[in-house]
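A.B. asks: Provided herewith is a single structure, encoded as C-alpha cells, for subsequent inquiry.
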Amino acid sequence: MGIFKWITGLVGFMVGGPLGALAGFIFGHLMDSGESTSTGGQYSHQESTYYTDSVQGQRESFLFSMLVLTSYIIRADGKVMHSEMEFVRAFLRRNFGDEAAQQGNEILLKLFEEEKRQKSHSPYEWRDTIRQCSEQIAGALNYSERLQLLNYLVLIAQADGRVPDSERNALYEVAGYLHMSSDEVDSMLHMKSDSLDDAYAVLGISSSATDDEVKAAYRKKALEHHPDRVAKLGEDVRKSAEQKFQEINEAKDRIYKARGL
C-alpha cells in the first residue's frame, strides 16, 4: 500500500481539522507531481471511496499522524539528521515497501516546507498547528494507541544515539498535547537500558516504592501497553507493541529479582 492511500483513508476518517488541512496540502503536491499509487495507477475517486469506507481508516490516520508528529520531533533541534530520516525510511520500507519509503520521505520534506512557510508568518504558527493536530489525534485514538505513537517518536529521537534537550522537550510537549504525562516519555527513554535504576524509571516509580506499589505500577503499565490494545492498527504495529511489552516485563523481572519477589 502506498502512502498516497494513507492520506486517502485519513481524509475520510478525520474529516476537516488541521490534519485534514495538512492532508489536503500533501494531496495537492502528489496530484501536481503525478504520483502513482502502489499499483501504478493514478489516484481515483473509487480508490478514495474504498479506503474511506474501509476499516483501514483508523490505521491510515495513525500512520499519517505519525509522519506529522515525526516532522516536529526531527526538526526540534533545528536540524534534519540523516540517521533520523533513515530510521523513518527503514520503518516504512520494512512494512510497506520501497515505494512507500520514497513517498514517506517526500511527505516529510513537504511537511518541513510547510513548517518553514508557517514560521515565516509567525514563529509560533507551526507549533500551534502541531498542538491542534495532536489534540485531533487524541480525540481519535485510544490511550494505548497514543502510547504506541509516542513510542515511535521516542525511537526516532533516539535514532542518532542521543536525545538532546530540544528533542526531549519536544517529546514532552507532544505528549502533553496528546493528553499524556511527560513521565511516559521518561519511561520510554529508559526502555533499552539494563540497569536497575532504569527499570524503576520504565515502570514510572522510584526505588523507594513499596513492593505493593511496584506490583501496581507494573500492572498499570502492562495493561496500557498490551499489544491487543493496538491490534486494529495492523500486525506491524502490534509486533512493535509486543517488543515494548517485553521490555516492560524485563524491567519488572529485574526489580522483582533484586527484591526477591
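Simple scheme: letters A, B, ... for chains in C-alpha cells order, numbers from 1 for residues in each chain, numbers from 1 for ligands in the order shown.
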What residues in range 107-198 of chain A get the DSSP label helix (DSSP H, G or I)? Please answer as a PyMOL selection string.
C.D. replies: chain A and resi 107-121+125-140+143-157+165-177+182-189+196-198
A.B. asks: Taking 6 positions as the minimum chain separation for residues in the same chain, which residues sit within 7 Å of range 75-80 of chain A when counting only C-alpha atoms? Answer as a list in words.
C.D. replies: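 In the requested form, the answer reads Ser166, Glu167 and Ala170 of chain A.
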A.B. asks: Next, write the just-selected residues to a file, as a PDB file, in the first residue's frame, keeping N, CA, C and O atoms as the atom set.
C.D. replies:
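Now in out_34.pdb:
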ATOM      1  N   SER A 166      16.478  19.705  23.295  1.00  0.00           N
ATOM      2  CA  SER A 166      15.466  20.258  22.390  1.00  0.00           C
ATOM      3  C   SER A 166      14.474  19.186  21.951  1.00  0.00           C
ATOM      4  O   SER A 166      13.258  19.431  21.905  1.00  0.00           O
ATOM      5  N   GLU A 167      14.986  17.983  21.643  1.00  0.00           N
ATOM      6  CA  GLU A 167      14.106  16.894  21.218  1.00  0.00           C
ATOM      7  C   GLU A 167      13.331  16.329  22.404  1.00  0.00           C
ATOM      8  O   GLU A 167      12.151  15.968  22.282  1.00  0.00           O
ATOM      9  N   ALA A 170      10.564  18.634  23.064  1.00  0.00           N
ATOM     10  CA  ALA A 170       9.531  18.491  22.030  1.00  0.00           C
ATOM     11  C   ALA A 170       8.686  17.248  22.289  1.00  0.00           C
ATOM     12  O   ALA A 170       7.461  17.261  22.082  1.00  0.00           O
TER      13      ALA A 170
END
A.B. asks: Write out as a list in words which residues come within 12 Å of Arg259 in chain A when counting only C-alpha atoms, dropping same-chain ones fewer than 2 positions away.
C.D. replies: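 Near Arg259 in chain A, the qualifying residues are Leu196, Ser207, Ser208, Ala209, Thr210, Asp211, Asp212, Val214, Lys215, Lys252, Asp253, Arg254, Ile255, Tyr256, Lys257 and Leu261 of chain A.
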A.B. asks: From the set A:Ala241, A:Ile26, A:Ala199, A:Met81, which residue has the shortest atom-to-atom contact distance to Gly161 in chain A, counting only C-alpha atoms?
C.D. replies: A:Met81
A.B. asks: Applying 10 Å and only C-alpha atoms, which residues near Val237 in chain A remain after dropping the ones on its own chain fewer than 6 positions away? List them as a PDB file with N, CA and C atoms, in the first residue's frame.
C.D. replies:
ATOM      1  N   ARG A  59      -6.147   2.878  10.746  1.00  0.00           N
ATOM      2  CA  ARG A  59      -4.722   2.617  10.530  1.00  0.00           C
ATOM      3  C   ARG A  59      -4.064   3.762   9.766  1.00  0.00           C
ATOM      4  N   PHE A  62      -3.475   6.749  11.910  1.00  0.00           N
ATOM      5  CA  PHE A  62      -2.332   6.546  12.806  1.00  0.00           C
ATOM      6  C   PHE A  62      -1.021   6.805  12.064  1.00  0.00           C
ATOM      7  N   LEU A  63      -0.880   6.242  10.879  1.00  0.00           N
ATOM      8  CA  LEU A  63       0.370   6.352  10.135  1.00  0.00           C
ATOM      9  C   LEU A  63       0.632   7.787   9.665  1.00  0.00           C
ATOM     10  N   ASN A  95       7.813  -2.238   6.307  1.00  0.00           N
ATOM     11  CA  ASN A  95       6.403  -2.584   6.444  1.00  0.00           C
ATOM     12  C   ASN A  95       5.565  -2.365   5.187  1.00  0.00           C
ATOM     13  N   GLU A 145      -3.129   3.333  21.914  1.00  0.00           N
ATOM     14  CA  GLU A 145      -2.696   3.682  20.562  1.00  0.00           C
ATOM     15  C   GLU A 145      -1.833   4.938  20.579  1.00  0.00           C
ATOM     16  N   GLN A 148       1.618   4.004  21.721  1.00  0.00           N
ATOM     17  CA  GLN A 148       2.420   3.411  20.653  1.00  0.00           C
ATOM     18  C   GLN A 148       2.928   4.487  19.696  1.00  0.00           C
ATOM     19  N   LEU A 149       2.099   5.469  19.413  1.00  0.00           N
ATOM     20  CA  LEU A 149       2.512   6.589  18.571  1.00  0.00           C
ATOM     21  C   LEU A 149       3.663   7.341  19.236  1.00  0.00           C
ATOM     22  N   TYR A 152       6.995   5.447  18.959  1.00  0.00           N
ATOM     23  CA  TYR A 152       7.675   5.622  17.671  1.00  0.00           C
ATOM     24  C   TYR A 152       8.446   6.948  17.657  1.00  0.00           C
ATOM     25  N   PRO A 227      -0.290  -5.518  23.724  1.00  0.00           N
ATOM     26  CA  PRO A 227      -0.364  -5.473  22.251  1.00  0.00           C
ATOM     27  C   PRO A 227      -1.780  -5.591  21.688  1.00  0.00           C
ATOM     28  N   VAL A 230      -3.680  -2.432  20.492  1.00  0.00           N
ATOM     29  CA  VAL A 230      -3.356  -1.717  19.244  1.00  0.00           C
ATOM     30  C   VAL A 230      -3.494  -2.633  18.029  1.00  0.00           C
ATOM     31  N   ALA A 231      -4.096  -3.797  18.211  1.00  0.00           N
ATOM     32  CA  ALA A 231      -4.164  -4.806  17.149  1.00  0.00           C
ATOM     33  C   ALA A 231      -4.845  -4.282  15.887  1.00  0.00           C
TER      34      ALA A 231
END
